[in-house]
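S.K.: Here you go, one structure.
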Amino acid sequence: MWTVDPKIPLSLWWAILIAAVVAIAWYVLRREWAVSAGRRWVLSILLGLGVVGPLLIALNPTWVQIIPPVPGQPMLTVLVDGTISMKTEDCGANTDLSRWSQAVDLAGKVNSEGHRVEVRKMAFGELVKPLDTGNSNGGANSSDDRWPQGHRSDLAAALRQTTRAGSPVGHAVLMISDGAHNVGSTESVLQTAREANAMATPIYTVTLGSTVGMKNMSIVAKSQRMIAFPNNPIAIRAILGHNGLAGQSTQVQLLRDEEVLQTQTVRLQSEPTQEIRFNIEQGAVTPIQRYRIVASELFGEATTADNQTTVLVQRLNEPIGVLVLEGKPYWDSKFLARNLASDPVVQLTTLVKLGPGRFLQRKMAREASSAEDATSGEPKFVETTQSDWTIEKDLKSPLESTELLERFRLVILGRDASEFLTDVAIDNLRSWMSKSGGCLLCSRGAPSDQIGAKFADILPVRWTPASESRVRAEVTQHGLDTSVFDPLMIDGFDPVGTLPTLAVGAVPKQRQGLPQVLMQSTVNNAADSSNNTIPIVTYQPFGGGQSIVVEGAGMWRWAFLPPQHASKDKIYPTLWQSLVQWIISQQDMMPGQEVAIRPDRATFLSGDRASCSVTLRNPAKWNADGNESSLSILMQSPDSELPKRFSITPSGIDSSLFRGELGALEVGYYALKVVQGTQDEVLAATAFEVRDPWFESLEVDARPDVMRQISRLSGGEVLQPEQVPELVARFEEQILKQQKHEETRTSMWDHPLVLITILLGWISTWVVRRQSGLV
């Protein structure tokens, strides 16, 4: 269909056209023609076209073509929450109707009869499935005992999948839910609502349920993975939490595999959390030992799924190589070396500068005996040689030898250690810490008066000059949370504050970022005028290892207390032993290990994809062909007859780090072993467990605030239950208002052929007149 530009005055156009026709007619009739009649008519027609053509184009004629509407019908998707929290009975007139029952009832009131709207009904638990009362296609059945199902409420995933499967004619979503979301943050749900708004898919929400105030008890281990030293006791701590169950008592058992070791009766206090502790005199029996802490069920609690927790204890089978470097003989270094030498798990090497060109070196070798302790089954570390005392002259810094440095897991620097901190030594230390996971410990503050930028970069504190003062120490909250000094807290309080004061010269200041303080001065004994606490024990990670600074001189007095404080004699050795134990537990590889394996989490949830990391000390040693590793992972659970084998792949981050993908697993306890080829020799072992998520049974409070934001951000609105039956008609009316008559308009000016035709007409007229002798 052709139309003209309505802005052009047609009366003026017609006047110009008539005038042009009259002028052409007068020209043709009045002129004396010296040509034949036929050529005269040709010239007349060409002249008329040459004038009328531009006049027609001046009208801007436009071709209008109607576009047929998109086939199909608008769609309204009813999305019903089918997760466990919808079992809660707090709906209906007498609040005795479950949320799921009311949601299904509301969904049944939405139908497309008499409307040009397609209604699709879905329910989501672990997956989004059709809501079909007949259940003919394996979908959700409103009367099926298996519904509600799903231990996770992932509103974001359900909405994302629903909004992306709509109709091009128009799409809206009615979500009937309690608003509980426990997979990721609420922001992910709100972002999905914004995406729905961008796709012109409004989300209407109906919130079911109320605030329930669920009663429950839970137990969580403070450290799910621990390192056990041979012949040393183990302290396992857990946090017992509850909500609304104060005054009740529970039986808490410690089990090794299925054997009950200890039982405690715990009365729940008014505080929401309290700590329980089990001391095990006999260490781990096997290289990887599983302990479980189980609390008995209490009346009225929502679920018993979180009434137990697991602790995996890895036994140390090789002695720890420790190197102590001291610039001068000090009492602190003497008592520290004596304490470390008395520890059967430490293989100690000390080097003390006595004077110019004179160094006192002591080497003490230990190894694991082939015989195990008859009662505990643990390996015995024995001293294979007498301590080797030698005087060395013009000795090079042992830190300059990478081969020598690899023998140690811990390097301790005392005061005035600048003799050992050459440029080569510092480079080796940085590489040893970052790649081999070693730990550097400065035992008496700054190891040198002059600390260069390269060395300062790996230390967690900076020192500022100050006059000497004395302070008392206390364990920080972070130190308590990480259980570093847990063996000190046998009686439930921090005994460090009762020990003699420490002398502090240059005041250490914690660096910004990664460093954390494990022990600090008390506020009443702060070393600076601002009465701020100063760090006593500070650490920071550096690559795969870490650095630690222990501040303060005079700690030797903690090991040499007067007779009236004889009960505190064990504090000093226990402090250093627990610190060394914690240092080793933070390293990927235990002493003597060539291969280490560690799961990404101690506990996975069913539905998660389990994975682990394998670290190799010398990757080239295990390569079978080219860069392909000859190692593999064997995984076995108590329910499986044969282990499953998994290959490892390079991580792409470091040549010594490999990844193992184990996939989604059933609930259970799984043991992992690293083997080479088809050999049965176990190079490394670990374990983890897979549990059912229990959060859904606890987080049952309705969240109308979340539902309200979903509606607002998506362009929908919050509905009351009585408004649900009217939604189809409202949505249809809204779609009809939004529908527009679509067409395409093509102007004659957009056709170059028209302009070319007019130009050719003018040229033809001139050529004919030229040939006729009229020009």
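Residues in the structure tokens are numbered from 1 in each chain, the chains being A, B, ... in the order shown, and ligands are numbered from 1 in the order shown.
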Using 8 Å as the limit and counting only C-alpha atoms, can you tabulate each residue of stretch 226-322 of chain A that touches stretch 344-359 of chain A, with its shortest atom-to-atom distance in Å and the two atoms involved, as a Markdown table?
M.R.:
```
| residue | atom | partner | partner_atom | distance |
| --- | --- | --- | --- | --- |
| A:Phe229 | CA | A:Val345 | CA | 7.1 |
| A:Pro230 | CA | A:Val345 | CA | 7.4 |
| A:Glu318 | CA | A:Val345 | CA | 7.5 |
| A:Pro319 | CA | A:Val345 | CA | 4.7 |
| A:Ile320 | CA | A:Val346 | CA | 4.8 |
| A:Gly321 | CA | A:Gln347 | CA | 4.8 |
| A:Val322 | CA | A:Leu348 | CA | 5.0 |
```
S.K.: So which residues touch A:Arg409 within 10 Å, counting only C-alpha atoms, skipping near sequence neighbours fewer than 6 positions away, as a PyMOL selection string?
M.R.: chain A and resi 319-323+432-433+436-440+545+580+583-584+587+589-592
S.K.: Any chance you could export the current selection's all heavy atoms as a compact mmCIF listing (two decimals), in the first residue's frame?
M.R.:
```
# COMPACT_ATOMS: atom_id res chain seq x y z
N PRO A 319 60.48 -37.28 61.59
CA PRO A 319 60.86 -36.15 62.43
C PRO A 319 60.89 -34.85 61.65
O PRO A 319 61.06 -34.84 60.43
CB PRO A 319 62.26 -36.54 62.94
CG PRO A 319 62.77 -37.51 61.92
CD PRO A 319 61.58 -38.25 61.42
N ILE A 320 60.74 -33.75 62.36
CA ILE A 320 60.69 -32.42 61.76
C ILE A 320 62.09 -31.81 61.77
O ILE A 320 62.70 -31.68 62.84
CB ILE A 320 59.73 -31.51 62.53
CG1 ILE A 320 58.34 -32.14 62.60
CG2 ILE A 320 59.65 -30.13 61.89
CD1 ILE A 320 57.42 -31.45 63.59
N GLY A 321 62.58 -31.43 60.61
CA GLY A 321 63.88 -30.78 60.54
C GLY A 321 63.78 -29.31 60.91
O GLY A 321 63.04 -28.55 60.29
N VAL A 322 64.51 -28.90 61.96
CA VAL A 322 64.48 -27.53 62.45
C VAL A 322 65.90 -26.99 62.47
O VAL A 322 66.82 -27.64 62.99
CB VAL A 322 63.86 -27.44 63.87
CG1 VAL A 322 63.88 -26.00 64.37
CG2 VAL A 322 62.44 -27.98 63.86
N LEU A 323 66.10 -25.80 61.93
CA LEU A 323 67.40 -25.13 61.91
C LEU A 323 67.30 -23.84 62.71
O LEU A 323 66.44 -23.00 62.44
CB LEU A 323 67.80 -24.81 60.46
CG LEU A 323 69.07 -23.96 60.27
CD1 LEU A 323 70.30 -24.69 60.81
CD2 LEU A 323 69.26 -23.60 58.80
N TRP A 432 62.30 -21.02 49.06
CA TRP A 432 61.99 -22.16 49.92
C TRP A 432 60.62 -22.01 50.57
O TRP A 432 59.85 -22.98 50.67
CB TRP A 432 63.10 -22.27 50.97
CG TRP A 432 62.86 -23.25 52.07
CD1 TRP A 432 62.89 -24.61 51.98
CD2 TRP A 432 62.59 -22.94 53.44
NE1 TRP A 432 62.65 -25.17 53.21
CE2 TRP A 432 62.47 -24.17 54.13
CE3 TRP A 432 62.45 -21.75 54.15
CZ2 TRP A 432 62.21 -24.23 55.50
CZ3 TRP A 432 62.19 -21.81 55.51
CH2 TRP A 432 62.08 -23.04 56.16
N MET A 433 60.28 -20.81 50.99
CA MET A 433 58.98 -20.58 51.62
C MET A 433 57.84 -20.68 50.61
O MET A 433 56.83 -21.35 50.84
CB MET A 433 58.95 -19.22 52.31
CG MET A 433 59.88 -19.10 53.51
SD MET A 433 60.04 -17.39 54.11
CE MET A 433 58.35 -17.01 54.56
N SER A 436 58.43 -24.52 48.47
CA SER A 436 58.51 -25.74 49.25
C SER A 436 57.63 -25.70 50.50
O SER A 436 57.54 -26.70 51.21
CB SER A 436 59.97 -26.01 49.67
OG SER A 436 60.79 -26.16 48.53
N GLY A 437 57.01 -24.55 50.78
CA GLY A 437 56.11 -24.46 51.93
C GLY A 437 56.80 -24.39 53.27
O GLY A 437 56.20 -24.73 54.29
N GLY A 438 58.07 -23.94 53.30
CA GLY A 438 58.79 -23.83 54.56
C GLY A 438 58.30 -22.67 55.40
O GLY A 438 57.59 -21.78 54.94
N CYS A 439 58.70 -22.66 56.68
CA CYS A 439 58.29 -21.61 57.61
C CYS A 439 59.52 -20.94 58.20
O CYS A 439 60.45 -21.61 58.67
CB CYS A 439 57.43 -22.19 58.73
SG CYS A 439 56.95 -20.97 59.98
N LEU A 440 59.54 -19.62 58.19
CA LEU A 440 60.60 -18.82 58.80
C LEU A 440 60.04 -18.21 60.08
O LEU A 440 58.98 -17.57 60.06
CB LEU A 440 61.06 -17.71 57.85
CG LEU A 440 62.03 -16.69 58.43
CD1 LEU A 440 63.37 -17.33 58.76
CD2 LEU A 440 62.22 -15.51 57.48
N GLY A 545 54.24 -21.21 52.01
CA GLY A 545 54.72 -21.25 53.38
C GLY A 545 54.22 -20.06 54.18
O GLY A 545 53.22 -19.43 53.85
N VAL A 580 54.90 -25.28 66.98
CA VAL A 580 55.52 -26.10 65.93
C VAL A 580 54.49 -27.03 65.30
O VAL A 580 54.45 -27.22 64.09
CB VAL A 580 56.71 -26.91 66.52
CG1 VAL A 580 57.22 -27.91 65.50
CG2 VAL A 580 57.83 -25.96 66.94
N ILE A 583 52.40 -25.05 62.94
CA ILE A 583 53.17 -24.72 61.73
C ILE A 583 53.16 -25.89 60.75
O ILE A 583 52.92 -25.72 59.56
CB ILE A 583 54.63 -24.33 62.10
CG1 ILE A 583 54.64 -22.97 62.83
CG2 ILE A 583 55.51 -24.28 60.87
CD1 ILE A 583 55.98 -22.62 63.42
N ILE A 584 53.42 -27.08 61.24
CA ILE A 584 53.46 -28.26 60.37
C ILE A 584 52.07 -28.54 59.79
O ILE A 584 51.94 -28.95 58.63
CB ILE A 584 53.99 -29.49 61.15
CG1 ILE A 584 55.43 -29.22 61.61
CG2 ILE A 584 53.93 -30.73 60.29
CD1 ILE A 584 56.39 -28.92 60.49
N GLN A 587 51.25 -26.77 56.52
CA GLN A 587 52.03 -27.08 55.33
C GLN A 587 51.37 -28.20 54.55
O GLN A 587 50.78 -29.12 55.12
CB GLN A 587 53.46 -27.47 55.72
CG GLN A 587 54.20 -26.35 56.43
CD GLN A 587 55.60 -26.74 56.86
OE1 GLN A 587 56.03 -27.87 56.69
NE2 GLN A 587 56.34 -25.79 57.42
N MET A 589 52.82 -30.47 52.77
CA MET A 589 53.54 -31.73 52.89
C MET A 589 54.09 -31.89 54.30
O MET A 589 54.66 -30.96 54.86
CB MET A 589 54.71 -31.79 51.89
CG MET A 589 54.27 -31.95 50.46
SD MET A 589 55.68 -32.31 49.40
CE MET A 589 54.86 -32.52 47.82
N MET A 590 53.90 -33.10 54.84
CA MET A 590 54.46 -33.42 56.13
C MET A 590 55.95 -33.75 55.96
O MET A 590 56.41 -34.06 54.85
CB MET A 590 53.74 -34.63 56.73
CG MET A 590 52.27 -34.40 57.03
SD MET A 590 51.96 -33.12 58.25
CE MET A 590 51.50 -31.73 57.20
N PRO A 591 56.73 -33.70 57.02
CA PRO A 591 58.15 -34.06 56.93
C PRO A 591 58.34 -35.45 56.33
O PRO A 591 57.67 -36.41 56.72
CB PRO A 591 58.61 -34.00 58.39
CG PRO A 591 57.69 -33.02 59.03
CD PRO A 591 56.38 -33.21 58.37
N GLY A 592 59.25 -35.56 55.38
CA GLY A 592 59.55 -36.84 54.74
C GLY A 592 58.64 -37.18 53.58
O GLY A 592 58.88 -38.17 52.87
```
S.K.: Neighbours of A:Pro447 within 7 Å (only C-alpha atoms; same-chain residues fewer than 5 positions away dropped), as JSON, numbers by chain?
M.R.: {"A": [413, 414, 415, 416, 417, 442]}
S.K.: Restricted to N, CA, C and O atoms, what would the selected residues look like written as an mmCIF file, in the first residue's frame?
M.R.:
```cif
data_model
loop_
_atom_site.group_PDB
_atom_site.id
_atom_site.type_symbol
_atom_site.label_atom_id
_atom_site.label_comp_id
_atom_site.auth_asym_id
_atom_site.auth_seq_id
_atom_site.Cartn_x
_atom_site.Cartn_y
_atom_site.Cartn_z
ATOM 1 N N LEU A 413 65.313 -17.836 63.342
ATOM 2 C CA LEU A 413 66.352 -16.809 63.416
ATOM 3 C C LEU A 413 66.272 -16.115 64.762
ATOM 4 O O LEU A 413 65.201 -15.672 65.185
ATOM 5 N N GLY A 414 67.432 -16.035 65.447
ATOM 6 C CA GLY A 414 67.493 -15.288 66.696
ATOM 7 C C GLY A 414 67.877 -13.838 66.439
ATOM 8 O O GLY A 414 67.612 -13.279 65.374
ATOM 9 N N ARG A 415 68.532 -13.212 67.414
ATOM 10 C CA ARG A 415 68.984 -11.822 67.276
ATOM 11 C C ARG A 415 70.337 -11.775 66.576
ATOM 12 O O ARG A 415 71.103 -12.739 66.571
ATOM 13 N N ASP A 416 70.629 -10.606 65.983
ATOM 14 C CA ASP A 416 71.936 -10.352 65.353
ATOM 15 C C ASP A 416 72.280 -11.439 64.332
ATOM 16 O O ASP A 416 73.420 -11.929 64.279
ATOM 17 N N ALA A 417 71.287 -11.830 63.519
ATOM 18 C CA ALA A 417 71.488 -12.915 62.550
ATOM 19 C C ALA A 417 71.876 -12.390 61.176
ATOM 20 O O ALA A 417 71.774 -13.116 60.193
ATOM 21 N N CYS A 442 61.106 -15.780 63.397
ATOM 22 C CA CYS A 442 62.031 -14.877 64.104
ATOM 23 C C CYS A 442 61.666 -14.951 65.586
ATOM 24 O O CYS A 442 60.606 -14.473 65.997
#
```
S.K.: Excluding same-chain residues fewer than 6 positions from A:Glu301, what lies within 8 Å of it counting only C-alpha atoms, as a list in words?
M.R.: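 These residues fall inside the cut-off: Met214, Lys215, Asn216, Met217 and Leu245 of chain A.
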S.K.: Can you write out the residues you just picked, keeping C-alpha atoms, as a short mmCIF file (atom, residue, chain, number, x, y, z; two decimals), in the first residue's frame?
M.R.:
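Result file selection-v3.cif:
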```
data_model
loop_
_atom_site.label_atom_id
_atom_site.label_comp_id
_atom_site.auth_asym_id
_atom_site.auth_seq_id
_atom_site.Cartn_x
_atom_site.Cartn_y
_atom_site.Cartn_z
CA MET A 214 12.86 -23.22 64.98
CA LYS A 215 14.46 -25.10 67.90
CA ASN A 216 17.66 -26.95 67.13
CA MET A 217 21.04 -28.09 68.41
CA LEU A 245 16.75 -25.54 73.99
#
```
S.K.: Near A:Gly445, within 7 Å and counting only C-alpha atoms, which residues show up once chain neighbours fewer than 4 positions away are dropped, as a PyMOL selection string?
M.R.: chain A and resi 549-552
S.K.: Taking only C-alpha atoms into account, produce a table as CSV in which each residue of stretch 165-233 of chain A with an atom at most 12 Å from an atom of stretch 249-267 of chain A appears once, together with its shortest atom pair and the distance in Å to one decimal, ordered by chain and rising number.
M.R.:
```
residue,atom,partner,partner_atom,distance
A:Met217,CA,A:Thr250,CA,9.7
A:Ser218,CA,A:Thr250,CA,11.3
A:Ile219,CA,A:Val252,CA,9.6
A:Ala221,CA,A:Leu254,CA,11.6
```
S.K.: Produce a file of the selected residues containing N, CA, C and O atoms, as a CSV table (one decimal), in the first residue's frame.
M.R.:
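Listed below is the output, selection06.csv:
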```csv
chain,number,residue,atom,x,y,z
A,217,MET,N,19.7,-28.0,67.8
A,217,MET,CA,21.0,-28.1,68.4
A,217,MET,C,22.0,-28.5,67.3
A,217,MET,O,21.7,-29.3,66.5
A,218,SER,N,23.2,-28.0,67.3
A,218,SER,CA,24.2,-28.4,66.3
A,218,SER,C,25.6,-28.5,67.0
A,218,SER,O,25.8,-27.9,68.1
A,219,ILE,N,26.5,-29.2,66.4
A,219,ILE,CA,27.9,-29.3,66.9
A,219,ILE,C,28.8,-29.2,65.8
A,219,ILE,O,28.6,-29.8,64.7
A,221,ALA,N,33.2,-29.0,64.9
A,221,ALA,CA,34.5,-29.1,65.3
A,221,ALA,C,35.3,-27.8,65.0
A,221,ALA,O,35.1,-27.2,64.0
```
S.K.: Name all residues at most 9 Å from stretch 634-651 of chain A (count only C-alpha atoms; drop same-chain ones fewer than 5 positions away) and give them as a list in words.
M.R.: Ser613, Val614, Asn627, Glu628, Ser629, Ser656, Leu657, Phe658, Arg659, Gly660, Glu661, Leu662, Gly668, Tyr669, Tyr670, Ala671, Leu672, Lys673, Val674 and Val675 of chain A
S.K.: Apply DSSP to the structure's backbone, then extract all residues of stretch 314-527 of chain A labelled alpha helix (DSSP H) and return them as a PyMOL selection string.
M.R.: chain A and resi 331-341+402-405+423-436+453-456+477-481
S.K.: Give me, as a list in words, all polymer residues having an atom no more than 12 Å from A:Pro287, counting only C-alpha atoms and skipping those fewer than 6 positions away in the same chain.
M.R.: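 Skipping anything fewer than 6 positions along the chain leaves Met226, Ile227, Ala228, Phe229, Pro230, Leu312, Val313, Gln314, Arg315, Leu316, Asn317, Glu318, Gly377, Glu378, Pro379, Met590, Ala671, Lys673, Val682, Leu683, Ala684, Ala685, Thr686 and Ala687 of chain A.
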S.K.: Go ahead and save the picked residues with N, CA, C and O atoms, as a CSV table (one decimal), in the first residue's frame.
M.R.:
```csv
chain,number,residue,atom,x,y,z
A,226,MET,N,43.6,-32.2,61.9
A,226,MET,CA,44.7,-32.0,62.9
A,226,MET,C,45.9,-32.8,62.6
A,226,MET,O,45.8,-33.9,61.9
A,227,ILE,N,47.0,-32.4,63.2
A,227,ILE,CA,48.2,-33.2,63.1
A,227,ILE,C,48.5,-33.8,64.5
A,227,ILE,O,48.5,-33.0,65.5
A,228,ALA,N,48.8,-35.0,64.5
A,228,ALA,CA,49.1,-35.7,65.8
A,228,ALA,C,50.6,-36.0,65.9
A,228,ALA,O,51.1,-36.7,65.0
A,229,PHE,N,51.3,-35.6,66.9
A,229,PHE,CA,52.7,-36.0,67.1
A,229,PHE,C,52.7,-37.3,67.9
A,229,PHE,O,51.9,-37.5,68.8
A,230,PRO,N,53.6,-38.2,67.6
A,230,PRO,CA,53.7,-39.5,68.3
A,230,PRO,C,53.9,-39.3,69.8
A,230,PRO,O,54.7,-38.4,70.2
A,312,LEU,N,39.5,-35.3,61.4
A,312,LEU,CA,40.5,-36.2,60.8
A,312,LEU,C,41.9,-35.9,61.4
A,312,LEU,O,42.3,-34.7,61.3
A,313,VAL,N,42.5,-36.9,61.9
A,313,VAL,CA,43.8,-36.6,62.6
A,313,VAL,C,44.9,-37.4,61.7
A,313,VAL,O,44.8,-38.6,61.5
A,314,GLN,N,45.9,-36.6,61.3
A,314,GLN,CA,47.0,-37.2,60.5
A,314,GLN,C,48.2,-37.4,61.4
A,314,GLN,O,48.6,-36.4,62.0
A,315,ARG,N,48.7,-38.6,61.4
A,315,ARG,CA,49.8,-38.9,62.3
A,315,ARG,C,51.2,-38.5,61.6
A,315,ARG,O,51.4,-38.8,60.5
A,316,LEU,N,52.0,-37.9,62.4
A,316,LEU,CA,53.4,-37.6,61.9
A,316,LEU,C,54.3,-38.8,62.0
A,316,LEU,O,54.5,-39.3,63.0
A,317,ASN,N,54.8,-39.2,60.8
A,317,ASN,CA,55.6,-40.4,60.8
A,317,ASN,C,57.1,-40.1,60.6
A,317,ASN,O,57.9,-41.1,60.6
A,318,GLU,N,57.5,-38.9,60.4
A,318,GLU,CA,58.9,-38.5,60.2
A,318,GLU,C,59.2,-37.4,61.1
A,318,GLU,O,58.4,-36.5,61.4
A,377,GLY,N,50.6,-48.1,69.1
A,377,GLY,CA,50.8,-48.4,67.7
A,377,GLY,C,51.4,-47.2,66.9
A,377,GLY,O,51.5,-47.2,65.7
A,378,GLU,N,52.0,-46.2,67.7
A,378,GLU,CA,52.6,-45.1,67.0
A,378,GLU,C,54.1,-45.4,66.7
A,378,GLU,O,54.7,-46.1,67.5
A,379,PRO,N,54.7,-44.7,65.7
A,379,PRO,CA,56.1,-44.8,65.5
A,379,PRO,C,56.9,-44.1,66.6
A,379,PRO,O,56.5,-43.1,67.1
A,590,MET,N,53.9,-33.1,54.8
A,590,MET,CA,54.5,-33.4,56.1
A,590,MET,C,56.0,-33.8,56.0
A,590,MET,O,56.4,-34.1,54.9
A,671,ALA,N,37.9,-42.6,51.5
A,671,ALA,CA,39.3,-42.6,51.7
A,671,ALA,C,40.0,-42.4,50.4
A,671,ALA,O,39.6,-43.1,49.4
A,673,LYS,N,43.7,-42.4,48.3
A,673,LYS,CA,45.1,-42.8,48.3
A,673,LYS,C,45.8,-42.5,47.0
A,673,LYS,O,45.2,-42.6,45.9
A,682,VAL,N,51.2,-47.1,48.8
A,682,VAL,CA,50.5,-45.8,49.0
A,682,VAL,C,51.5,-44.7,49.3
A,682,VAL,O,52.3,-44.8,50.2
A,683,LEU,N,51.5,-43.7,48.4
A,683,LEU,CA,52.4,-42.6,48.6
A,683,LEU,C,51.9,-41.5,49.5
A,683,LEU,O,52.6,-40.7,50.1
A,684,ALA,N,50.5,-41.3,49.5
A,684,ALA,CA,49.9,-40.3,50.4
A,684,ALA,C,48.5,-40.7,50.5
A,684,ALA,O,47.9,-41.4,49.7
A,685,ALA,N,47.9,-40.3,51.6
A,685,ALA,CA,46.5,-40.7,51.9
A,685,ALA,C,45.8,-39.6,52.6
A,685,ALA,O,46.4,-38.8,53.3
A,686,THR,N,44.5,-39.5,52.5
A,686,THR,CA,43.6,-38.6,53.2
A,686,THR,C,42.2,-39.1,53.2
A,686,THR,O,41.9,-40.2,52.7
A,687,ALA,N,41.3,-38.4,53.7
A,687,ALA,CA,39.9,-38.8,53.7
A,687,ALA,C,39.0,-37.6,53.8
A,687,ALA,O,39.4,-36.5,54.2
```
